[in-house]
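So the structure is just underneath, and the comments pick up after that.
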Amino acid sequence: AFDVANTLNDVDAADADAALERAAARSAARGLVAFSDLEMGWQTDAWRRRGAAGWNLLRVASAVYPEHLDRVVAEGLETGDRLDESGLITVGALKFVGDGSLGTRTAATTAPYLDGERGAMNFELDRLVATITRAAGSGLASTVHAIGDIAVATALDAFALAGVPGRMEHAQLVAASDIPRFARLGIEASVQPQHAVDDRDLTDSLWASQTATPYPLRALNDAGANLLFGSDAPVSILDPWVQIAAAVARTDDDRAAWQPEQAVDARTALAASTGGGSADPQVIEPGAVADLAIIAVDPLAASAEQLRAMPVHATLLAGRVTHIS
């Protein structure tokens, strides 16, 4: 699959940049102001090029991967460093792909899938600890793709042994004993609520024998974890309102909510979509430089249907209009 993706992505830089500009404009029209680029490969030079060409619609944190850690260190790059003059494009985290996925039955799980397999880890614990530790010493934060409960536990163990906070991408199957460890270790849970809705049938089938909790948004939040909502686009749609609706309703069709006990309220979903609980307090006042979405419906009182279709009248990035309708 990665080979196919790399082939499809092997297009002229001008075509790729034009496609990104179109996607950014569509995203700004939905109120988006920032995203993390976790695309595989060395993306730093591409983002430098886009910054030099005047990229100005969204904030971007461009991730790097372990195979490029020597290059990142040699260039003296740290998480948060600017890659353009405006500061809209910055160096993101060091990203590890800890295990596979649910649909391919390669996410590392305690109980077996229907075919008897349990998925597999892509990193041994010792290597994960060593690389996270080296990255932290070089000024790079780390984030670990972990979907199965074994991968989640291994990632938590790695951060604990490295003695640094971090982030986990997906956390789709989490053992009860691991849920409180997120807050205790300072590990942010970067999750995609629409995945729970899209994967409900797969989860009920492929993970029927699992004892860990799938897509435990409410449990993580109640335990004090810092939830961060995203899309994992193009796996699910790059639309924050769709993700918020999925987190609140746990369904997007005429079926009843799936595992409704893991739904979160709209206020929690909004916080997770605007930097999470660890972000600075959101203050709107004269003179403040603001990232804002001006919307038509009160999201705290909206239905799931209204959230998904939320009209966005305008979007501002650092006080500058990036979309207006």
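Here's how to read the names in the structure tokens: chain A, B, ... by the order shown, residue numbers from 1 in each chain, ligand numbers from 1 in the order shown.
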Q. What's the 12 Å shell around Arg22 (chain A), counting only C-alpha atoms, without same-chain residues fewer than 5 positions away, as a PyMOL selection string?
A. chain A and resi 15-17+27-29+55+57-58
Save the residues we just selected, C-alpha atoms, as a PDB file, in the first residue's frame?
```
ATOM      1  CA  ASP A  15       1.039  20.039  -9.353  1.00  0.00           C
ATOM      2  CA  ALA A  16       1.387  18.788  -5.785  1.00  0.00           C
ATOM      3  CA  ASP A  17       1.610  22.316  -4.395  1.00  0.00           C
ATOM      4  CA  SER A  27     -10.292  23.324   4.710  1.00  0.00           C
ATOM      5  CA  ALA A  28     -10.264  27.005   5.625  1.00  0.00           C
ATOM      6  CA  ALA A  29     -13.866  27.150   4.390  1.00  0.00           C
ATOM      7  CA  TRP A  55       1.782  29.644   1.723  1.00  0.00           C
ATOM      8  CA  LEU A  57      -3.935  29.578   4.481  1.00  0.00           C
ATOM      9  CA  LEU A  58      -3.134  27.190   7.363  1.00  0.00           C
TER      10      LEU A  58
END
```
**Q.** Distance query region 307-323 of chain A at most 10 Å, only C-alpha atoms, self and fewer than 3 positions along chain excluded, as number ranges by chain
**A.** A: 24-34, 56-59, 88, 239-246, 248, 252, 266, 287-304
Q.
Among region 17-85 of chain A, which ones does DSSP assign to helix (DSSP H, G or I) (computed from the backbone)? Answer as an MDAnalysis selection string.
A. chainID A and resid 17:28 44:52 66:74
Q. A:Ala256, A:Ala13, A:Ala219, A:Val164: which is nearest Ala130 (chain A), counting only C-alpha atoms?
A.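 Result for the nearest residue to Ala130 (chain A): A:Val164.
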Q. For Trp47 (chain A), which residue among A:Ser231, A:Asn6, A:Thr90, A:Thr274 is the nearest when counting only C-alpha atoms?
A.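 Closest to Trp47 (chain A), using only C-alpha atoms: A:Thr90.
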(Q) Set the distance at 10 Å and use only C-alpha atoms: which residues neighbour region 195-201 of chain A once local chain neighbours fewer than 4 positions away are removed? I'd like the list as a list in words. (A)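 So the residues in contact are Leu102, Gly103, His170, Gln172, Val191, Ser205, Leu206, Trp207, Pro214, Tyr215, Pro216, Leu217, Ser231, Asp232, Val235, Ser236, Ile237, Gln243, Ala246, Ala247, Ala249, Arg250, Thr251, Asp252, Asp253, Ala257, Trp258 and Gln259 of chain A.
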**Q.** Surrounding residues of Asp157 (chain A) excluding itself and chain neighbours under 2 positions, 10 Å, only C-alpha atoms, as a ChimeraX atom specification
**A.** /A:125,128-129,151-155,159-163,178,181,185
Using N, CA and C atoms, can you write the selected residues to a file as a PDB file, in the first residue's frame?
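Listing of result.pdb after writing:
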```pdb
ATOM      1  N   LEU A 125      10.672  -2.357  21.983  1.00  0.00           N
ATOM      2  CA  LEU A 125      10.628  -1.354  23.045  1.00  0.00           C
ATOM      3  C   LEU A 125      11.976  -0.665  23.231  1.00  0.00           C
ATOM      4  N   LEU A 128      12.590   1.873  20.560  1.00  0.00           N
ATOM      5  CA  LEU A 128      11.676   3.000  20.703  1.00  0.00           C
ATOM      6  C   LEU A 128      12.165   3.936  21.803  1.00  0.00           C
ATOM      7  N   VAL A 129      12.548   3.367  22.933  1.00  0.00           N
ATOM      8  CA  VAL A 129      13.044   4.180  24.052  1.00  0.00           C
ATOM      9  C   VAL A 129      14.297   4.942  23.646  1.00  0.00           C
ATOM     10  N   ALA A 151       0.354  -2.163  21.145  1.00  0.00           N
ATOM     11  CA  ALA A 151       1.113  -1.006  20.673  1.00  0.00           C
ATOM     12  C   ALA A 151       0.933   0.183  21.607  1.00  0.00           C
ATOM     13  N   VAL A 152      -0.287   0.387  22.095  1.00  0.00           N
ATOM     14  CA  VAL A 152      -0.553   1.486  23.027  1.00  0.00           C
ATOM     15  C   VAL A 152       0.271   1.302  24.296  1.00  0.00           C
ATOM     16  N   ALA A 153       0.241   0.110  24.862  1.00  0.00           N
ATOM     17  CA  ALA A 153       0.997  -0.159  26.090  1.00  0.00           C
ATOM     18  C   ALA A 153       2.495   0.011  25.864  1.00  0.00           C
ATOM     19  N   THR A 154       2.988  -0.455  24.717  1.00  0.00           N
ATOM     20  CA  THR A 154       4.415  -0.336  24.411  1.00  0.00           C
ATOM     21  C   THR A 154       4.824   1.122  24.279  1.00  0.00           C
ATOM     22  N   ALA A 155       3.990   1.924  23.607  1.00  0.00           N
ATOM     23  CA  ALA A 155       4.299   3.348  23.457  1.00  0.00           C
ATOM     24  C   ALA A 155       4.315   4.046  24.814  1.00  0.00           C
ATOM     25  N   PHE A 159       7.620   5.975  26.538  1.00  0.00           N
ATOM     26  CA  PHE A 159       7.673   7.342  27.052  1.00  0.00           C
ATOM     27  C   PHE A 159       8.032   7.350  28.535  1.00  0.00           C
ATOM     28  N   ALA A 160       7.503   6.383  29.271  1.00  0.00           N
ATOM     29  CA  ALA A 160       7.808   6.307  30.701  1.00  0.00           C
ATOM     30  C   ALA A 160       9.296   6.044  30.918  1.00  0.00           C
ATOM     31  N   LEU A 161       9.869   5.114  30.176  1.00  0.00           N
ATOM     32  CA  LEU A 161      11.279   4.783  30.336  1.00  0.00           C
ATOM     33  C   LEU A 161      12.186   5.909  29.840  1.00  0.00           C
ATOM     34  N   ALA A 162      11.730   6.619  28.793  1.00  0.00           N
ATOM     35  CA  ALA A 162      12.510   7.760  28.294  1.00  0.00           C
ATOM     36  C   ALA A 162      12.397   8.965  29.224  1.00  0.00           C
ATOM     37  N   GLY A 163      11.336   8.987  30.022  1.00  0.00           N
ATOM     38  CA  GLY A 163      11.155  10.072  30.967  1.00  0.00           C
ATOM     39  C   GLY A 163      10.748  11.380  30.335  1.00  0.00           C
ATOM     40  N   ASP A 178      -4.288   0.963  31.149  1.00  0.00           N
ATOM     41  CA  ASP A 178      -3.452   1.943  30.459  1.00  0.00           C
ATOM     42  C   ASP A 178      -4.131   3.308  30.318  1.00  0.00           C
ATOM     43  N   ARG A 181      -2.800   6.076  32.467  1.00  0.00           N
ATOM     44  CA  ARG A 181      -1.369   6.351  32.254  1.00  0.00           C
ATOM     45  C   ARG A 181      -1.148   7.530  31.310  1.00  0.00           C
ATOM     46  N   LEU A 185       1.517  10.227  32.584  1.00  0.00           N
ATOM     47  CA  LEU A 185       2.785  10.358  31.866  1.00  0.00           C
ATOM     48  C   LEU A 185       2.848  11.605  30.993  1.00  0.00           C
TER      49      LEU A 185
END
```
As a CSV table (one decimal) with N, CA and C atoms, in the first residue's frame, please: every residue in region 33-168 of chain A that a backbone DSSP assignment puts in strand (DSSP E or B).
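Listing of out.csv after writing:
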```csv
chain,number,residue,atom,x,y,z
A,34,ALA,N,-5.2,25.0,11.3
A,34,ALA,CA,-3.9,24.3,11.4
A,34,ALA,C,-4.1,22.8,11.3
A,35,PHE,N,-3.0,22.2,10.8
A,35,PHE,CA,-2.9,20.7,10.7
A,35,PHE,C,-1.5,20.2,10.9
A,36,SER,N,-1.4,19.0,11.3
A,36,SER,CA,-0.1,18.3,11.3
A,36,SER,C,0.1,17.5,10.1
A,37,ASP,N,1.2,17.7,9.3
A,37,ASP,CA,1.5,16.9,8.2
A,37,ASP,C,2.3,15.7,8.6
A,59,ARG,N,-1.8,26.9,9.4
A,59,ARG,CA,-0.6,26.6,10.1
A,59,ARG,C,-0.2,25.1,9.8
A,60,VAL,N,1.0,24.8,9.7
A,60,VAL,CA,1.5,23.5,9.4
A,60,VAL,C,2.6,23.1,10.4
A,61,ALA,N,2.5,21.9,10.9
A,61,ALA,CA,3.6,21.3,11.7
A,61,ALA,C,4.0,20.1,10.9
A,62,SER,N,5.2,20.1,10.3
A,62,SER,CA,5.7,19.1,9.4
A,62,SER,C,6.5,18.0,10.2
A,63,ALA,N,6.0,16.8,10.2
A,63,ALA,CA,6.6,15.7,11.0
A,63,ALA,C,7.8,15.2,10.3
A,64,VAL,N,8.7,14.6,11.0
A,64,VAL,CA,9.9,13.9,10.4
A,64,VAL,C,9.8,12.4,11.0
A,82,ARG,N,10.8,27.4,12.9
A,82,ARG,CA,10.2,27.9,11.7
A,82,ARG,C,10.8,27.3,10.4
A,89,ILE,N,4.7,27.7,9.1
A,89,ILE,CA,5.1,26.4,8.9
A,89,ILE,C,6.3,26.1,9.8
A,90,THR,N,6.1,25.1,10.6
A,90,THR,CA,7.1,24.7,11.6
A,90,THR,C,7.5,23.2,11.6
A,91,VAL,N,8.6,22.9,12.2
A,91,VAL,CA,9.0,21.5,12.4
A,91,VAL,C,8.0,20.9,13.4
A,92,GLY,N,7.5,19.7,13.0
A,92,GLY,CA,6.6,19.0,13.9
A,92,GLY,C,7.3,18.0,14.8
A,93,ALA,N,6.7,16.9,15.1
A,93,ALA,CA,7.2,15.8,15.9
A,93,ALA,C,7.9,14.8,15.1
A,94,LEU,N,8.7,14.0,15.8
A,94,LEU,CA,9.3,12.7,15.2
A,94,LEU,C,8.2,11.7,15.3
A,95,LYS,N,7.8,11.1,14.2
A,95,LYS,CA,6.7,10.2,14.1
A,95,LYS,C,7.2,8.7,14.0
A,96,PHE,N,6.7,7.9,14.8
A,96,PHE,CA,6.9,6.4,14.8
A,96,PHE,C,5.7,5.7,14.3
A,97,VAL,N,5.8,4.8,13.5
A,97,VAL,CA,4.6,3.9,13.1
A,97,VAL,C,4.8,2.6,13.9
A,142,SER,N,8.1,13.6,20.3
A,142,SER,CA,7.8,12.4,19.6
A,142,SER,C,6.4,12.0,19.7
A,143,THR,N,5.9,11.4,18.6
A,143,THR,CA,4.5,10.9,18.5
A,143,THR,C,4.5,9.5,18.0
A,144,VAL,N,3.7,8.6,18.5
A,144,VAL,CA,3.8,7.2,18.1
A,144,VAL,C,2.4,6.8,17.6
A,145,HIS,N,2.3,6.3,16.4
A,145,HIS,CA,1.1,5.7,15.9
A,145,HIS,C,1.0,4.3,16.6
A,146,ALA,N,-0.1,4.2,17.3
A,146,ALA,CA,-0.4,3.0,18.1
A,146,ALA,C,-1.9,2.7,18.1
A,166,GLY,N,4.8,13.1,25.6
A,166,GLY,CA,4.7,12.9,24.1
A,166,GLY,C,3.3,12.8,23.7
A,167,ARG,N,3.1,12.2,22.5
A,167,ARG,CA,1.8,12.2,21.9
A,167,ARG,C,1.6,10.8,21.3
A,168,MET,N,0.4,10.3,21.3
A,168,MET,CA,0.1,9.0,20.6
A,168,MET,C,-1.0,9.3,19.6
```
